[in-house]
Every structure is written in C-alpha cells, then in structure tokens.
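So the structure is just underneath, and the comments pick up after that.
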Amino acid sequence: MSHRAGRTRWRRFAVVLVPSVGACATVGIAMAQGVLAASFFISGQQFQLAADSLTARGFSLYGMVDVTRKHELVPVAVTGFRHATIDGLCQSVVVDVPVLGTQTLRLTGGGGRSVETSNFFIDATAESVGEANFSGLDIGVAQGAVTKGPVRSGDRNSQFFDPDGVAQQALSTTLNDVRVSAVAVSAGTLSIPGLRLRLEQGNHACF
C-alpha cells in the first residue's frame, strides 16, 4: 500500500501527534481509572498500524462514523478485540514539516515479547491481512446483536451507530501480516514491552 504524507504545521506535529502516540503506552491506565472516555474527537490525521501477527479471543467488525474537533465526519470500519496478543507491533505517522522536510514519528514494541491488550479497537479507513483464520465466524449479524466480540460503549450510544447495520463477529481469530491505515486506536488495557518511540528524518512508515 502506498503512503502519501500529508502536510501539517510543525506546531500541530509537536503538540498533537507526539502526545497522541505517546499516550498509547498509558491509555489502559487512564481508561481503567475513568479519566479517558471511550469515545473522543479524532484529529483526522491518518497513521499506520502494522503487526506481524495478532491473535485474539472475541472479534468484531462494524461500521461507524468518527468526528473531528471541527465536526468533520470520517467513516471508519471499527475492528474490536476482547483480548489480543500482538507480535511485531509498529505504528507510524509521516508528516511534511516546513524547513525540516519529511519526518516520521515511529513507535515499535515487543522486542521478542508479545504486546498484550484488552478491549482493543482500531478505527480504520483501510485494512489488509496476509492471512486470516477465524473460529465461530458470523457474517451479516446485526451490529446491535454482536456478542462474541466487543462493541465500544460510546459507539452503542452514538447517533451514527446503526443497530440493524451489518457486522461480523467471531469467537477467535488469528491475523498475519496486518496492515492498517487508521484514524484512532483505543484500548481498555495495553501492555507494550520494549516500547521504542523515535522521530526520524525522511519517510520510515511501517509499510
């Protein structure tokens, strides 16, 4: 999948993107304490999320509409995992910075150990998987009737959530070579061993 870097101001890069990626390491604690809501305004900036493999218990996939702070609507496919282990995690944002040129903010984790997460949701605009295996798969289930996988509580209460809309669910799944273009990620808990966050000159996107 080709990646086209968007244009943004350095202030936006420094103030918005850096804290948002760094927050991934602590989002589990914040949500567990009720500090961070399950639903939030998105920045609208797309980023890449990749994994060598993702194994999960409780899988869901449904349509949703995210909203930016400027009240712009962004249609997304929400993929939910009740509990998942991730190997080879990578997250990246590529931006053009005036004077400095193209910069990549890149987060990786694992280092031979698996990332552990629960109630993990990816709001995606595009997804690709090299190989997908499901157990107890249902395609065409109503969004309001999803039980095998999680549905964000904030989504259920949203005006954009259609309880009669088409969804997909499974008891478990294993996904290999995962590539996602996303606008938001949220989690109930997220444990990343060997977390590394780097700012690099040039385009060093995850894929």
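To be explicit about the labels: the chains of the structure tokens are called A, B, and onward in the order shown, and within each one the residues are counted from 1, while ligands get numbers from 1 in the order they are shown.
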
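By only C-alpha atoms, and with residues fewer than 3 positions from Asp162 in chain A along its chain excluded, the set lying at most 9 Å from it is A:Gly63, A:Met64, A:Ala142, A:Gln143, A:Gly144, A:Arg156, A:Ser158, A:Gln159, A:Gly165, A:Val166.
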
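For range 140-178 of chain A, the set of residues given strand (DSSP E or B) by DSSP on the backbone reads A:Gly140, A:Val141, A:Ala142, A:Val166, A:Ala167, A:Gln168, A:Gln169, A:Ala170, A:Leu171, A:Ser172, A:Thr173, A:Thr174, A:Leu175, A:Asn176, A:Asp177, A:Val178.
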
Legend entry - Within 9 Å of Gln91 in chain A using only C-alpha atoms, minus same-chain residues under 6 positions, as number ranges by chain: A: 21, 47-51, 105-108, 205-206

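Nearest-residue note for Ile122 in chain A: choosing from A:Gly140, A:Gly80, A:Gly44, A:Gly58, the minimum distance belongs to A:Gly80, counting only C-alpha atoms.
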
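The shell of residues at most 10 Å from Val78 in chain A, with only C-alpha atoms counted and near chain neighbours (fewer than 6 positions) removed, consists of A:Ser60, A:Leu61, A:Tyr62, A:Gly63, A:Met64, A:Val65, A:Asp66, A:Phe121, A:Ile122, A:Asp123, A:Ala124, A:Thr125, A:Val151, A:Arg152, A:Asp155, A:Ala167, A:Ala182, A:Ala184, A:Val185.
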
Inset, instruction - Write down as a ChimeraX atom specification the residues of chain A whose backbone DSSP state falls under alpha helix (DSSP H). - result: /A:10-12,18-22,27-32,153-156

Export of the given selection (all heavy atoms) as a compact mmCIF listing (two decimals), in the first residue's frame:
# COMPACT_ATOMS: atom_id res chain seq x y z
N TRP A 10 4.37 22.52 11.94
CA TRP A 10 5.23 21.94 12.96
C TRP A 10 4.55 21.98 14.33
O TRP A 10 4.64 21.03 15.11
CB TRP A 10 6.55 22.70 13.02
CG TRP A 10 7.39 22.28 14.18
CD1 TRP A 10 7.67 22.98 15.32
CD2 TRP A 10 8.05 21.02 14.33
NE1 TRP A 10 8.45 22.23 16.15
CE2 TRP A 10 8.70 21.04 15.58
CE3 TRP A 10 8.15 19.88 13.53
CZ2 TRP A 10 9.45 19.96 16.04
CZ3 TRP A 10 8.88 18.81 14.00
CH2 TRP A 10 9.52 18.85 15.23
N ARG A 11 3.82 23.06 14.64
CA ARG A 11 3.16 23.14 15.93
C ARG A 11 2.15 22.01 16.09
O ARG A 11 2.05 21.40 17.14
CB ARG A 11 2.47 24.49 16.08
CG ARG A 11 1.78 24.65 17.44
CD ARG A 11 1.13 26.02 17.56
NE ARG A 11 0.47 26.17 18.85
CZ ARG A 11 -0.23 27.23 19.20
NH1 ARG A 11 -0.32 28.25 18.38
NH2 ARG A 11 -0.82 27.29 20.38
N ARG A 12 1.41 21.75 15.02
CA ARG A 12 0.43 20.66 15.08
C ARG A 12 1.14 19.32 15.27
O ARG A 12 0.71 18.47 16.03
CB ARG A 12 -0.40 20.63 13.81
CG ARG A 12 -1.46 19.54 13.83
CD ARG A 12 -2.21 19.48 12.52
NE ARG A 12 -3.19 18.41 12.52
CZ ARG A 12 -3.81 17.98 11.45
NH1 ARG A 12 -3.55 18.54 10.28
NH2 ARG A 12 -4.68 17.01 11.52
N VAL A 18 2.77 13.95 18.72
CA VAL A 18 3.68 13.34 19.69
C VAL A 18 2.93 12.88 20.94
O VAL A 18 3.06 11.73 21.36
CB VAL A 18 4.82 14.30 20.05
CG1 VAL A 18 5.69 13.71 21.16
CG2 VAL A 18 5.69 14.56 18.82
N PRO A 19 2.12 13.73 21.58
CA PRO A 19 1.39 13.26 22.76
C PRO A 19 0.43 12.13 22.43
O PRO A 19 0.24 11.22 23.24
CB PRO A 19 0.64 14.51 23.23
CG PRO A 19 1.41 15.64 22.67
CD PRO A 19 1.91 15.15 21.34
N SER A 20 -0.20 12.14 21.26
CA SER A 20 -1.19 11.11 20.95
C SER A 20 -0.55 9.74 20.82
O SER A 20 -1.10 8.74 21.26
CB SER A 20 -1.94 11.46 19.65
OG SER A 20 -1.07 11.39 18.54
N VAL A 21 0.65 9.68 20.22
CA VAL A 21 1.33 8.39 20.10
C VAL A 21 1.88 7.96 21.45
O VAL A 21 1.78 6.81 21.84
CB VAL A 21 2.46 8.48 19.05
CG1 VAL A 21 3.24 7.18 19.02
CG2 VAL A 21 1.88 8.75 17.68
N GLY A 22 2.45 8.89 22.19
CA GLY A 22 2.97 8.55 23.50
C GLY A 22 1.88 8.07 24.44
O GLY A 22 2.13 7.26 25.33
N VAL A 27 -2.77 4.53 27.88
CA VAL A 27 -4.21 4.64 27.66
C VAL A 27 -4.98 3.63 28.50
O VAL A 27 -6.08 3.91 28.97
CB VAL A 27 -4.55 4.46 26.16
CG1 VAL A 27 -4.24 3.05 25.69
CG2 VAL A 27 -6.00 4.81 25.89
N GLY A 28 -4.40 2.46 28.74
CA GLY A 28 -5.08 1.45 29.55
C GLY A 28 -5.32 1.93 30.96
O GLY A 28 -6.41 1.77 31.51
N ILE A 29 -4.29 2.53 31.58
CA ILE A 29 -4.43 3.04 32.95
C ILE A 29 -5.47 4.15 33.00
O ILE A 29 -6.33 4.18 33.89
CB ILE A 29 -3.08 3.56 33.45
CG1 ILE A 29 -2.06 2.41 33.52
CG2 ILE A 29 -3.23 4.22 34.81
CD1 ILE A 29 -0.66 2.85 33.89
N ALA A 30 -5.44 5.05 32.03
CA ALA A 30 -6.37 6.18 32.03
C ALA A 30 -7.81 5.72 31.91
O ALA A 30 -8.69 6.21 32.62
CB ALA A 30 -6.03 7.14 30.89
N MET A 31 -8.06 4.75 31.03
CA MET A 31 -9.44 4.29 30.85
C MET A 31 -9.90 3.49 32.05
O MET A 31 -11.06 3.56 32.44
CB MET A 31 -9.55 3.45 29.57
CG MET A 31 -9.31 4.27 28.31
SD MET A 31 -9.73 3.39 26.80
CE MET A 31 -11.52 3.38 26.93
N ALA A 32 -9.01 2.72 32.64
CA ALA A 32 -9.37 1.93 33.81
C ALA A 32 -9.77 2.83 34.97
O ALA A 32 -10.62 2.49 35.79
CB ALA A 32 -8.20 1.03 34.23
N SER A 153 -18.72 1.02 24.13
CA SER A 153 -19.94 1.55 24.74
C SER A 153 -20.30 2.91 24.16
O SER A 153 -21.47 3.23 23.96
CB SER A 153 -19.77 1.65 26.26
OG SER A 153 -18.67 2.47 26.59
N GLY A 154 -19.29 3.72 23.87
CA GLY A 154 -19.55 5.02 23.28
C GLY A 154 -20.15 4.92 21.90
O GLY A 154 -20.94 5.77 21.48
N ASP A 155 -19.79 3.85 21.16
CA ASP A 155 -20.36 3.65 19.83
C ASP A 155 -21.83 3.26 19.92
O ASP A 155 -22.65 3.73 19.13
CB ASP A 155 -19.57 2.57 19.08
CG ASP A 155 -18.19 3.04 18.65
OD1 ASP A 155 -17.93 4.25 18.74
OD2 ASP A 155 -17.39 2.20 18.22
N ARG A 156 -22.15 2.41 20.85
CA ARG A 156 -23.56 1.99 21.00
C ARG A 156 -24.48 3.17 21.26
O ARG A 156 -25.64 3.17 20.87
CB ARG A 156 -23.69 0.98 22.15
CG ARG A 156 -23.13 -0.40 21.85
CD ARG A 156 -23.53 -1.38 22.93
NE ARG A 156 -22.94 -2.69 22.76
CZ ARG A 156 -23.42 -3.66 21.97
NH1 ARG A 156 -24.53 -3.42 21.28
NH2 ARG A 156 -22.82 -4.83 21.89

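The shortest atom-to-atom distance to Thr104 in chain A, with only C-alpha atoms taken into account, belongs to A:Ser92 out of A:Lys148, A:Ser92, A:Glu131, A:Arg69.
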
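Between CA of Leu171 in chain A and CA of Phe81 in chain A there is a distance of 10.0 Å.
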